[in-house]
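Heads up, the thing below is written out as structure tokens.
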Amino acid sequence: MLDNKVGGYRVLPGGIAYCTGIVPHDGFEVVRVQLQNWLPLADAYVFIENYLRGIGRPVQSFCGIEMRVPAQLTPADWSSFNTPYLEQLKRWGLLYGDLSAVCRSNIALALNAPEHPSMCAFSFTAPTSARQGGFCLSGTADIMRDGTVVEEGDTSPAAMAKRAKFTIDTIGTSLTQAGLTWTDVNQLAIFHVAEIPKLLSPELLGGLGNALRNGVLEYYARPPIVGGEVELEARGARREIVLAN
């Protein structure tokens, strides 16, 4: 894992657009901030800087961002979309060569989508006296690392179950790599439009045990890239803040 000493966390690498996950150093915890009013991305970056400065945290403590986009993007559009974001991470010292130090999720809402790409929440690390500091993971879509979409073009019940299972298995692997288990998860969120049969069955989310104690947030939405139909988020923030910004 990469070490973000200034930010107070270790990074499980993923790629240039987002890391797989982060785990805070001892004495630090993950704090998730949800915005009552979403911000266009250009304004969001300034907001993050000012917010962290106001509470005495370095901008390098920024460890996760949750975005909402107007519609799914083609692979070509995806590359263009990432360019200004990666420039911002570079300015903040949160790129390690071609590896991002920040978790990310991008969601294309199927209803009431924003007019512009926007930030709805972000996460950072902060000092704590608690023994457990939580974690942050990037959202996982039904798309393999090589760009292959699971069951591409098929939204039948059987195909949707396979897509969902892929996201569950992938996040399970990420948790293991970060030294975590499903018992460390305190919130699950799943994004889909086509029906996923028996979503809470033992074969799918029902098999995750304690991770379901707080229920599942379900959104009528899709992953950000065309062809994707399911995205799953496993959250582990130790503090949640809602800002009426």
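In the structure tokens, chains take letters A, B, ... by order of appearance, with residues numbered from 1 within each chain and ligands from 1 in the order shown.
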Could you pull out the helix (DSSP H, G or I) residues of region 114-193 of chain A, going by DSSP on the backbone, and write them as an mmCIF file with N, CA and C atoms, in the first residue's frame?
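Produced file selection.cif, reproduced below:
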```cif
data_model
loop_
_atom_site.group_PDB
_atom_site.id
_atom_site.type_symbol
_atom_site.label_atom_id
_atom_site.label_comp_id
_atom_site.auth_asym_id
_atom_site.auth_seq_id
_atom_site.Cartn_x
_atom_site.Cartn_y
_atom_site.Cartn_z
ATOM 1 N N PRO A 157 -33.260 -10.850 -15.712
ATOM 2 C CA PRO A 157 -33.038 -11.131 -14.286
ATOM 3 C C PRO A 157 -31.774 -11.933 -14.019
ATOM 4 N N ALA A 158 -31.511 -12.943 -14.847
ATOM 5 C CA ALA A 158 -30.316 -13.762 -14.639
ATOM 6 C C ALA A 158 -29.045 -12.951 -14.852
ATOM 7 N N ALA A 159 -29.036 -12.105 -15.890
ATOM 8 C CA ALA A 159 -27.857 -11.288 -16.174
ATOM 9 C C ALA A 159 -27.642 -10.251 -15.076
ATOM 10 N N MET A 160 -28.715 -9.663 -14.585
ATOM 11 C CA MET A 160 -28.579 -8.654 -13.527
ATOM 12 C C MET A 160 -28.050 -9.290 -12.239
ATOM 13 N N ALA A 161 -28.453 -10.517 -11.971
ATOM 14 C CA ALA A 161 -27.932 -11.220 -10.791
ATOM 15 C C ALA A 161 -26.430 -11.456 -10.940
ATOM 16 N N LYS A 162 -25.972 -11.807 -12.138
ATOM 17 C CA LYS A 162 -24.543 -12.022 -12.378
ATOM 18 C C LYS A 162 -23.769 -10.711 -12.244
ATOM 19 N N ARG A 163 -24.377 -9.632 -12.749
ATOM 20 C CA ARG A 163 -23.721 -8.325 -12.639
ATOM 21 C C ARG A 163 -23.556 -7.942 -11.166
ATOM 22 N N ALA A 164 -24.616 -8.121 -10.389
ATOM 23 C CA ALA A 164 -24.565 -7.780 -8.970
ATOM 24 C C ALA A 164 -23.542 -8.645 -8.243
ATOM 25 N N LYS A 165 -23.519 -9.929 -8.567
ATOM 26 C CA LYS A 165 -22.573 -10.846 -7.912
ATOM 27 C C LYS A 165 -21.132 -10.433 -8.203
ATOM 28 N N PHE A 166 -20.881 -9.964 -9.417
ATOM 29 C CA PHE A 166 -19.543 -9.511 -9.772
ATOM 30 C C PHE A 166 -19.111 -8.350 -8.876
ATOM 31 N N THR A 167 -19.993 -7.374 -8.665
ATOM 32 C CA THR A 167 -19.633 -6.225 -7.830
ATOM 33 C C THR A 167 -19.405 -6.655 -6.382
ATOM 34 N N ILE A 168 -20.213 -7.572 -5.891
ATOM 35 C CA ILE A 168 -20.059 -8.061 -4.514
ATOM 36 C C ILE A 168 -18.717 -8.776 -4.354
ATOM 37 N N ASP A 169 -18.400 -9.656 -5.293
ATOM 38 C CA ASP A 169 -17.140 -10.399 -5.216
ATOM 39 C C ASP A 169 -15.934 -9.477 -5.323
ATOM 40 N N THR A 170 -16.033 -8.464 -6.200
ATOM 41 C CA THR A 170 -14.916 -7.548 -6.390
ATOM 42 C C THR A 170 -14.660 -6.738 -5.126
ATOM 43 N N ILE A 171 -15.723 -6.232 -4.509
ATOM 44 C CA ILE A 171 -15.542 -5.469 -3.271
ATOM 45 C C ILE A 171 -15.034 -6.378 -2.155
ATOM 46 N N GLY A 172 -15.494 -7.611 -2.117
ATOM 47 C CA GLY A 172 -14.983 -8.557 -1.128
ATOM 48 C C GLY A 172 -13.485 -8.735 -1.254
ATOM 49 N N THR A 173 -12.999 -8.824 -2.487
ATOM 50 C CA THR A 173 -11.559 -8.940 -2.720
ATOM 51 C C THR A 173 -10.829 -7.684 -2.275
ATOM 52 N N SER A 174 -11.410 -6.507 -2.570
ATOM 53 C CA SER A 174 -10.784 -5.245 -2.174
ATOM 54 C C SER A 174 -10.678 -5.139 -0.658
ATOM 55 N N LEU A 175 -11.736 -5.547 0.039
ATOM 56 C CA LEU A 175 -11.700 -5.521 1.504
ATOM 57 C C LEU A 175 -10.578 -6.401 2.039
ATOM 58 N N THR A 176 -10.449 -7.594 1.471
ATOM 59 C CA THR A 176 -9.398 -8.514 1.902
ATOM 60 C C THR A 176 -8.021 -7.917 1.674
ATOM 61 N N GLN A 177 -7.821 -7.304 0.519
ATOM 62 C CA GLN A 177 -6.521 -6.710 0.198
ATOM 63 C C GLN A 177 -6.172 -5.572 1.154
ATOM 64 N N TRP A 182 -16.155 -7.952 5.567
ATOM 65 C CA TRP A 182 -17.497 -7.378 5.453
ATOM 66 C C TRP A 182 -18.019 -6.893 6.807
ATOM 67 N N THR A 183 -17.500 -7.412 7.904
ATOM 68 C CA THR A 183 -17.957 -6.947 9.222
ATOM 69 C C THR A 183 -17.505 -5.522 9.514
ATOM 70 N N ASP A 184 -16.525 -5.018 8.762
ATOM 71 C CA ASP A 184 -16.073 -3.634 8.937
ATOM 72 C C ASP A 184 -16.962 -2.638 8.207
#
```
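Among A:Phe122, A:Tyr9, A:Phe135, A:Phe28, the residue with the shortest atom-to-atom distance to Phe47 (chain A), counting only C-alpha atoms, is A:Phe122.
Among the candidates A:Arg235, A:Arg91, A:Arg145, A:Arg213, the one nearest to Cys103 (chain A) when counting only C-alpha atoms is A:Arg235.
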One decimal, in Å: what's the spacing between CA of Leu73 (chain A) and CA of Pro117 (chain A)?
11.3 Å
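A straight line drawn from CA of Thr155 (chain A) to CA of Gln187 (chain A) is 25.8 Å long.
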Per DSSP on the backbone, filter region 1-244 of chain A down to the residues in strand (DSSP E or B) and report them as number ranges by chain.
A: 2-4, 9-12, 21-24, 28-40, 62-69, 73, 95-96, 99-100, 103-109, 118-127, 135-137, 140-141, 143, 149, 187-192, 216-222, 225, 230-236, 239-243
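Restricting the calculation to only C-alpha atoms, the smallest distance between Met119 (chain A) and any of A:Trp38, A:Phe62, A:Trp92, A:Phe191 is found for A:Trp38.
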